[in-house]
>>> print(open('start-v9.cif').read())   # mmCIF, N, CA and C atoms
data_input
#
loop_
_atom_site.label_atom_id
_atom_site.label_comp_id
_atom_site.auth_asym_id
_atom_site.auth_seq_id
_atom_site.Cartn_x
_atom_site.Cartn_y
_atom_site.Cartn_z
N MET Z 142 -18.24 -37.85 -6.63
CA MET Z 142 -17.21 -38.21 -7.57
C MET Z 142 -16.13 -38.94 -6.78
N PRO Z 143 -15.94 -40.21 -7.05
CA PRO Z 143 -14.92 -40.97 -6.34
C PRO Z 143 -13.52 -40.49 -6.71
N THR Z 144 -12.71 -40.32 -5.69
CA THR Z 144 -11.33 -39.86 -5.88
C THR Z 144 -10.42 -40.66 -4.97
N ASN Z 145 -9.33 -41.14 -5.52
CA ASN Z 145 -8.34 -41.85 -4.72
C ASN Z 145 -7.22 -40.88 -4.38
N LEU Z 146 -6.99 -40.72 -3.07
CA LEU Z 146 -5.93 -39.83 -2.61
C LEU Z 146 -5.04 -40.58 -1.64
N HIS Z 147 -3.78 -40.26 -1.67
CA HIS Z 147 -2.84 -40.81 -0.70
C HIS Z 147 -2.58 -39.71 0.33
N ILE Z 148 -3.24 -39.84 1.49
CA ILE Z 148 -3.12 -38.84 2.55
C ILE Z 148 -2.36 -39.48 3.70
N ASP Z 149 -1.45 -38.71 4.28
CA ASP Z 149 -0.66 -39.18 5.41
C ASP Z 149 -1.61 -39.63 6.53
N ASP Z 150 -1.50 -40.90 6.95
CA ASP Z 150 -2.40 -41.44 7.97
C ASP Z 150 -2.27 -40.71 9.30
N ALA Z 151 -1.06 -40.29 9.66
CA ALA Z 151 -0.86 -39.60 10.93
C ALA Z 151 -1.59 -38.26 10.92
N LEU Z 152 -1.51 -37.53 9.79
CA LEU Z 152 -2.21 -36.24 9.69
C LEU Z 152 -3.72 -36.44 9.75
N LEU Z 153 -4.20 -37.44 9.03
CA LEU Z 153 -5.63 -37.68 8.98
C LEU Z 153 -6.16 -38.12 10.35
N THR Z 154 -5.41 -38.96 11.03
CA THR Z 154 -5.83 -39.42 12.36
C THR Z 154 -5.85 -38.26 13.35
N GLU Z 155 -4.83 -37.41 13.29
CA GLU Z 155 -4.79 -36.25 14.19
C GLU Z 155 -5.95 -35.30 13.91
N ALA Z 156 -6.24 -35.06 12.63
CA ALA Z 156 -7.35 -34.18 12.26
C ALA Z 156 -8.68 -34.76 12.73
N MET Z 157 -8.84 -36.06 12.63
CA MET Z 157 -10.08 -36.71 13.07
C MET Z 157 -10.25 -36.55 14.58
N LYS Z 158 -9.16 -36.71 15.32
CA LYS Z 158 -9.23 -36.58 16.78
C LYS Z 158 -9.53 -35.14 17.18
N LEU Z 159 -8.81 -34.18 16.60
CA LEU Z 159 -9.00 -32.78 16.94
C LEU Z 159 -10.40 -32.29 16.59
N GLY Z 160 -10.90 -32.72 15.44
CA GLY Z 160 -12.22 -32.25 14.99
C GLY Z 160 -13.37 -33.06 15.52
N GLY Z 161 -13.07 -34.22 16.11
CA GLY Z 161 -14.14 -35.08 16.61
C GLY Z 161 -14.94 -35.72 15.50
N PHE Z 162 -14.29 -35.98 14.38
CA PHE Z 162 -14.98 -36.58 13.23
C PHE Z 162 -14.98 -38.10 13.35
N ARG Z 163 -16.01 -38.72 12.77
CA ARG Z 163 -16.13 -40.18 12.82
C ARG Z 163 -15.53 -40.85 11.59
N THR Z 164 -15.58 -40.14 10.46
CA THR Z 164 -15.10 -40.76 9.21
C THR Z 164 -14.02 -39.91 8.57
N LYS Z 165 -13.24 -40.57 7.72
CA LYS Z 165 -12.19 -39.87 6.96
C LYS Z 165 -12.83 -38.91 5.97
N LYS Z 166 -13.93 -39.34 5.37
CA LYS Z 166 -14.62 -38.51 4.38
C LYS Z 166 -15.09 -37.19 5.00
N GLU Z 167 -15.69 -37.29 6.18
CA GLU Z 167 -16.16 -36.09 6.89
C GLU Z 167 -14.99 -35.18 7.24
N THR Z 168 -13.88 -35.76 7.64
CA THR Z 168 -12.69 -35.00 8.00
C THR Z 168 -12.14 -34.23 6.80
N VAL Z 169 -12.01 -34.92 5.68
CA VAL Z 169 -11.46 -34.29 4.48
C VAL Z 169 -12.41 -33.22 3.94
N ALA Z 170 -13.70 -33.50 3.95
CA ALA Z 170 -14.68 -32.53 3.44
C ALA Z 170 -14.65 -31.25 4.28
N THR Z 171 -14.59 -31.40 5.60
CA THR Z 171 -14.55 -30.23 6.47
C THR Z 171 -13.25 -29.46 6.28
N ALA Z 172 -12.15 -30.19 6.15
CA ALA Z 172 -10.85 -29.53 5.95
C ALA Z 172 -10.85 -28.71 4.66
N LEU Z 173 -11.41 -29.26 3.60
CA LEU Z 173 -11.46 -28.53 2.33
C LEU Z 173 -12.37 -27.31 2.43
N THR Z 174 -13.51 -27.46 3.09
CA THR Z 174 -14.44 -26.35 3.26
C THR Z 174 -13.79 -25.21 4.04
N GLU Z 175 -13.11 -25.56 5.13
CA GLU Z 175 -12.46 -24.54 5.94
C GLU Z 175 -11.29 -23.89 5.21
N PHE Z 176 -10.58 -24.65 4.40
CA PHE Z 176 -9.47 -24.11 3.61
C PHE Z 176 -9.99 -23.08 2.61
N ILE Z 177 -11.08 -23.41 1.94
CA ILE Z 177 -11.67 -22.48 0.96
C ILE Z 177 -12.15 -21.21 1.65
N ALA Z 178 -12.81 -21.35 2.80
CA ALA Z 178 -13.28 -20.18 3.54
C ALA Z 178 -12.12 -19.30 3.98
N LEU Z 179 -11.03 -19.92 4.42
CA LEU Z 179 -9.84 -19.17 4.83
C LEU Z 179 -9.27 -18.37 3.67
N LYS Z 180 -9.15 -18.98 2.51
CA LYS Z 180 -8.60 -18.29 1.34
C LYS Z 180 -9.50 -17.14 0.90
N LYS Z 181 -10.82 -17.32 1.00
CA LYS Z 181 -11.74 -16.23 0.64
C LYS Z 181 -11.61 -15.07 1.62
N ARG Z 182 -11.46 -15.37 2.91
CA ARG Z 182 -11.28 -14.30 3.89
C ARG Z 182 -9.97 -13.56 3.64
N GLN Z 183 -8.92 -14.31 3.29
CA GLN Z 183 -7.64 -13.67 3.00
C GLN Z 183 -7.74 -12.76 1.79
N ALA Z 184 -8.50 -13.18 0.78
CA ALA Z 184 -8.69 -12.34 -0.41
C ALA Z 184 -9.42 -11.05 -0.06
N LEU Z 185 -10.41 -11.15 0.84
CA LEU Z 185 -11.12 -9.94 1.28
C LEU Z 185 -10.19 -9.01 2.04
N LEU Z 186 -9.36 -9.57 2.90
CA LEU Z 186 -8.41 -8.74 3.64
C LEU Z 186 -7.40 -8.08 2.72
N ASP Z 187 -7.01 -8.77 1.67
CA ASP Z 187 -6.08 -8.19 0.70
C ASP Z 187 -6.70 -7.02 -0.06
N ALA Z 188 -8.04 -7.01 -0.16
CA ALA Z 188 -8.74 -5.95 -0.89
C ALA Z 188 -8.86 -4.67 -0.09
N ILE Z 189 -8.57 -4.74 1.21
CA ILE Z 189 -8.68 -3.55 2.05
C ILE Z 189 -7.71 -2.47 1.55
N GLY Z 190 -8.24 -1.29 1.37
CA GLY Z 190 -7.43 -0.17 0.91
C GLY Z 190 -7.32 -0.07 -0.60
N THR Z 191 -7.91 -1.00 -1.33
CA THR Z 191 -7.82 -0.95 -2.79
C THR Z 191 -9.11 -0.46 -3.44
N ILE Z 192 -10.16 -0.23 -2.64
CA ILE Z 192 -11.44 0.19 -3.17
C ILE Z 192 -11.62 1.68 -2.91
N ASP Z 193 -11.92 2.42 -3.96
CA ASP Z 193 -12.15 3.86 -3.83
C ASP Z 193 -13.64 4.11 -3.65
N PHE Z 194 -13.96 4.97 -2.72
CA PHE Z 194 -15.34 5.32 -2.46
C PHE Z 194 -15.61 6.75 -2.92
N ASP Z 195 -16.82 6.96 -3.42
CA ASP Z 195 -17.23 8.28 -3.89
C ASP Z 195 -17.84 9.05 -2.72
N PRO Z 196 -17.19 10.10 -2.23
CA PRO Z 196 -17.73 10.82 -1.07
C PRO Z 196 -19.03 11.55 -1.38
N SER Z 197 -19.36 11.76 -2.65
CA SER Z 197 -20.60 12.45 -2.98
C SER Z 197 -21.79 11.49 -3.13
N TYR Z 198 -21.57 10.19 -2.96
CA TYR Z 198 -22.65 9.21 -3.10
C TYR Z 198 -23.67 9.42 -1.99
N ASP Z 199 -24.94 9.50 -2.36
CA ASP Z 199 -26.02 9.72 -1.40
C ASP Z 199 -26.83 8.43 -1.27
N TYR Z 200 -26.54 7.65 -0.25
CA TYR Z 200 -27.21 6.36 -0.09
C TYR Z 200 -28.69 6.53 0.22
N LYS Z 201 -29.06 7.63 0.86
CA LYS Z 201 -30.48 7.85 1.17
C LYS Z 201 -31.28 8.11 -0.10
N ALA Z 202 -30.71 8.86 -1.04
CA ALA Z 202 -31.40 9.10 -2.31
C ALA Z 202 -31.54 7.79 -3.08
N GLU Z 203 -30.53 6.97 -3.05
CA GLU Z 203 -30.58 5.68 -3.73
C GLU Z 203 -31.65 4.79 -3.09
N ARG Z 204 -31.76 4.83 -1.78
CA ARG Z 204 -32.77 4.05 -1.08
C ARG Z 204 -34.16 4.54 -1.45
N ARG Z 205 -34.35 5.87 -1.57
CA ARG Z 205 -35.65 6.42 -1.96
C ARG Z 205 -36.01 5.97 -3.38
N ARG Z 206 -35.03 6.03 -4.30
CA ARG Z 206 -35.30 5.60 -5.68
C ARG Z 206 -35.71 4.13 -5.71
N HIS Z 207 -35.05 3.31 -4.91
CA HIS Z 207 -35.38 1.89 -4.88
C HIS Z 207 -36.79 1.67 -4.35
N THR Z 208 -37.15 2.38 -3.28
CA THR Z 208 -38.49 2.26 -2.70
C THR Z 208 -39.55 2.69 -3.71
N GLU Z 209 -39.31 3.80 -4.38
CA GLU Z 209 -40.28 4.29 -5.38
C GLU Z 209 -40.45 3.28 -6.52
N LYS Z 210 -39.37 2.65 -6.93
CA LYS Z 210 -39.45 1.66 -8.00
C LYS Z 210 -40.25 0.44 -7.54
N MET Z 211 -40.04 -0.01 -6.31
CA MET Z 211 -40.77 -1.17 -5.81
C MET Z 211 -42.26 -0.88 -5.70
N VAL Z 212 -42.61 0.34 -5.30
CA VAL Z 212 -44.02 0.73 -5.21
C VAL Z 212 -44.61 0.83 -6.61
N ARG Z 213 -43.87 1.43 -7.55
CA ARG Z 213 -44.36 1.61 -8.92
C ARG Z 213 -44.66 0.26 -9.58
N PHE Z 214 -43.85 -0.75 -9.33
CA PHE Z 214 -44.08 -2.07 -9.92
C PHE Z 214 -45.04 -2.93 -9.12
N GLY Z 215 -45.56 -2.38 -8.02
CA GLY Z 215 -46.55 -3.10 -7.23
C GLY Z 215 -45.97 -4.16 -6.32
N ILE Z 216 -44.68 -4.13 -6.09
CA ILE Z 216 -44.05 -5.12 -5.22
C ILE Z 216 -44.25 -4.74 -3.76
N TRP Z 217 -44.15 -3.45 -3.47
CA TRP Z 217 -44.35 -2.94 -2.12
C TRP Z 217 -45.62 -2.09 -2.11
N PRO Z 218 -46.28 -1.98 -0.96
CA PRO Z 218 -47.47 -1.13 -0.87
C PRO Z 218 -47.09 0.35 -0.88
N LYS Z 219 -48.07 1.20 -1.20
CA LYS Z 219 -47.83 2.64 -1.23
C LYS Z 219 -47.42 3.19 0.12
N SER Z 220 -47.80 2.51 1.18
CA SER Z 220 -47.45 2.99 2.52
C SER Z 220 -45.94 2.96 2.74
N ALA Z 221 -45.20 2.26 1.90
CA ALA Z 221 -43.74 2.21 2.04
C ALA Z 221 -43.11 3.56 1.71
N LEU Z 222 -43.83 4.38 0.91
CA LEU Z 222 -43.30 5.70 0.57
C LEU Z 222 -43.36 6.65 1.75
N HIS Z 223 -44.38 6.50 2.58
CA HIS Z 223 -44.56 7.38 3.73
C HIS Z 223 -44.77 6.51 4.96
N PRO Z 224 -43.70 6.02 5.55
CA PRO Z 224 -43.89 5.13 6.70
C PRO Z 224 -44.56 5.84 7.87
N ARG Z 225 -45.44 5.11 8.51
CA ARG Z 225 -46.15 5.66 9.65
C ARG Z 225 -45.25 5.65 10.88
N LYS Z 226 -45.56 6.52 11.83
CA LYS Z 226 -44.81 6.53 13.07
C LYS Z 226 -45.13 5.26 13.85
N LEU Z 227 -44.14 4.71 14.46
CA LEU Z 227 -44.34 3.51 15.26
C LEU Z 227 -44.96 3.88 16.60
N LYS Z 228 -45.88 3.05 17.05
CA LYS Z 228 -46.50 3.30 18.35
C LYS Z 228 -45.45 3.07 19.42
N GLY Z 229 -45.46 3.93 20.39
CA GLY Z 229 -44.53 3.77 21.49
C GLY Z 229 -43.15 4.34 21.22
N ALA Z 230 -42.94 4.84 20.03
CA ALA Z 230 -41.64 5.43 19.71
C ALA Z 230 -41.55 6.79 20.36
N PRO Z 231 -40.40 7.13 20.92
CA PRO Z 231 -40.27 8.42 21.57
C PRO Z 231 -40.38 9.56 20.56
N ALA Z 232 -41.03 10.62 20.99
CA ALA Z 232 -41.19 11.78 20.12
C ALA Z 232 -39.86 12.52 20.00
N ARG Z 233 -39.61 13.05 18.81
CA ARG Z 233 -38.38 13.81 18.60
C ARG Z 233 -38.54 15.20 19.19
N ARG Z 234 -37.50 15.66 19.81
CA ARG Z 234 -37.54 17.00 20.37
C ARG Z 234 -36.97 17.98 19.34
N LYS Z 235 -37.58 19.15 19.29
CA LYS Z 235 -37.08 20.17 18.41
C LYS Z 235 -35.84 20.81 19.05
N ALA Z 236 -34.89 21.10 18.22
CA ALA Z 236 -33.67 21.72 18.72
C ALA Z 236 -33.97 23.14 19.15
N THR Z 237 -33.50 23.48 20.32
CA THR Z 237 -33.68 24.84 20.79
C THR Z 237 -32.33 25.51 20.79
N GLY Z 238 -32.25 26.60 20.16
CA GLY Z 238 -30.95 27.27 20.03
C GLY Z 238 -31.00 28.70 20.53
N PRO Z 239 -29.85 29.30 20.60
CA PRO Z 239 -29.79 30.69 21.07
C PRO Z 239 -30.39 31.66 20.10
#
>>> encode(input="start-v9.cif", output="C-alpha cells")
Amino acid sequence: MPTNLHIDDALLTEAMKLGGFRTKKETVATALTEFIALKKRQALLDAIGTIDFDPSYDYKAERRRHTEKMVRFGIWPKSALHPRKLKGAPARRKATGP
C-alpha cells in the first residue's frame, strides 16, 4: 500500500547508518516492526502481578487427560499412555529411610 510520509531526513539517515540498511523502505519497515514488538513486550510486563493462579490446579492430570484424548481419537499411538523406559537412562534409586 503506497503511503506518502514526511520523515525528518536527518533521523532517517541516522537510522539507516546505525542499522546498516540500504533503503529507506527497509529502515522504516524495521523501525515499525521493532516499535510494535517493544509495545507488546511492555504490555506483557504491565500484566505481571495481575494474573491470579489457582494453587489447586494439577497440570499433570491435565496432561494425562490430553494424552488420553489424543490416543482415543487415534492421533497418538497407544504407547503414549505408557511410555517405555529410555535405553541408557539411569535407574531410579529407591529411597532408604530410617
>>> atom_distance(input="start-v9.cif", atom1="atom CA of Arg205 of chain Z", atom2="atom CA of Leu222 of chain Z")
8.1 Å
>>> residues_around(input="start-v9.cif", residues="segment 146-160 of chain Z", least_positions_apart="5", cutoff="10 Å", atoms="only C-alpha atoms", output="list in words")
Lys165, Lys166, Glu167, Thr168, Val169, Thr171 and Ala172 of chain Z
>>> write_last_selection(input="start-v9.cif", atoms="N, CA and C atoms", output="compact mmCIF listing (two decimals), in the coordinates of the input")
# COMPACT_ATOMS: atom_id res chain seq x y z
N LYS Z 165 -13.24 -40.57 7.72
CA LYS Z 165 -12.19 -39.87 6.96
C LYS Z 165 -12.83 -38.91 5.97
N LYS Z 166 -13.93 -39.34 5.37
CA LYS Z 166 -14.62 -38.51 4.38
C LYS Z 166 -15.09 -37.19 5.00
N GLU Z 167 -15.69 -37.29 6.18
CA GLU Z 167 -16.16 -36.09 6.89
C GLU Z 167 -14.99 -35.18 7.24
N THR Z 168 -13.88 -35.76 7.64
CA THR Z 168 -12.69 -35.00 8.00
C THR Z 168 -12.14 -34.23 6.80
N VAL Z 169 -12.01 -34.92 5.68
CA VAL Z 169 -11.46 -34.29 4.48
C VAL Z 169 -12.41 -33.22 3.94
N THR Z 171 -14.59 -31.40 5.60
CA THR Z 171 -14.55 -30.23 6.47
C THR Z 171 -13.25 -29.46 6.28
N ALA Z 172 -12.15 -30.19 6.15
CA ALA Z 172 -10.85 -29.53 5.95
C ALA Z 172 -10.85 -28.71 4.66
>>> atom_distance(input="start-v9.cif", atom1="atom CA of Trp217 of chain Z", atom2="atom C of Glu203 of chain Z")
14.9 Å
>>> residues_near_point(input="start-v9.cif", point="(-38.3, 0.3, -2.2)", cutoff="12 Å", atoms="only C-alpha atoms", output="number ranges by chain")
Z: 201-224
>>> atom_distance(input="start-v9.cif", atom1="atom CA of Ser197 of chain Z", atom2="atom C of Ala184 of chain Z")
26.2 Å
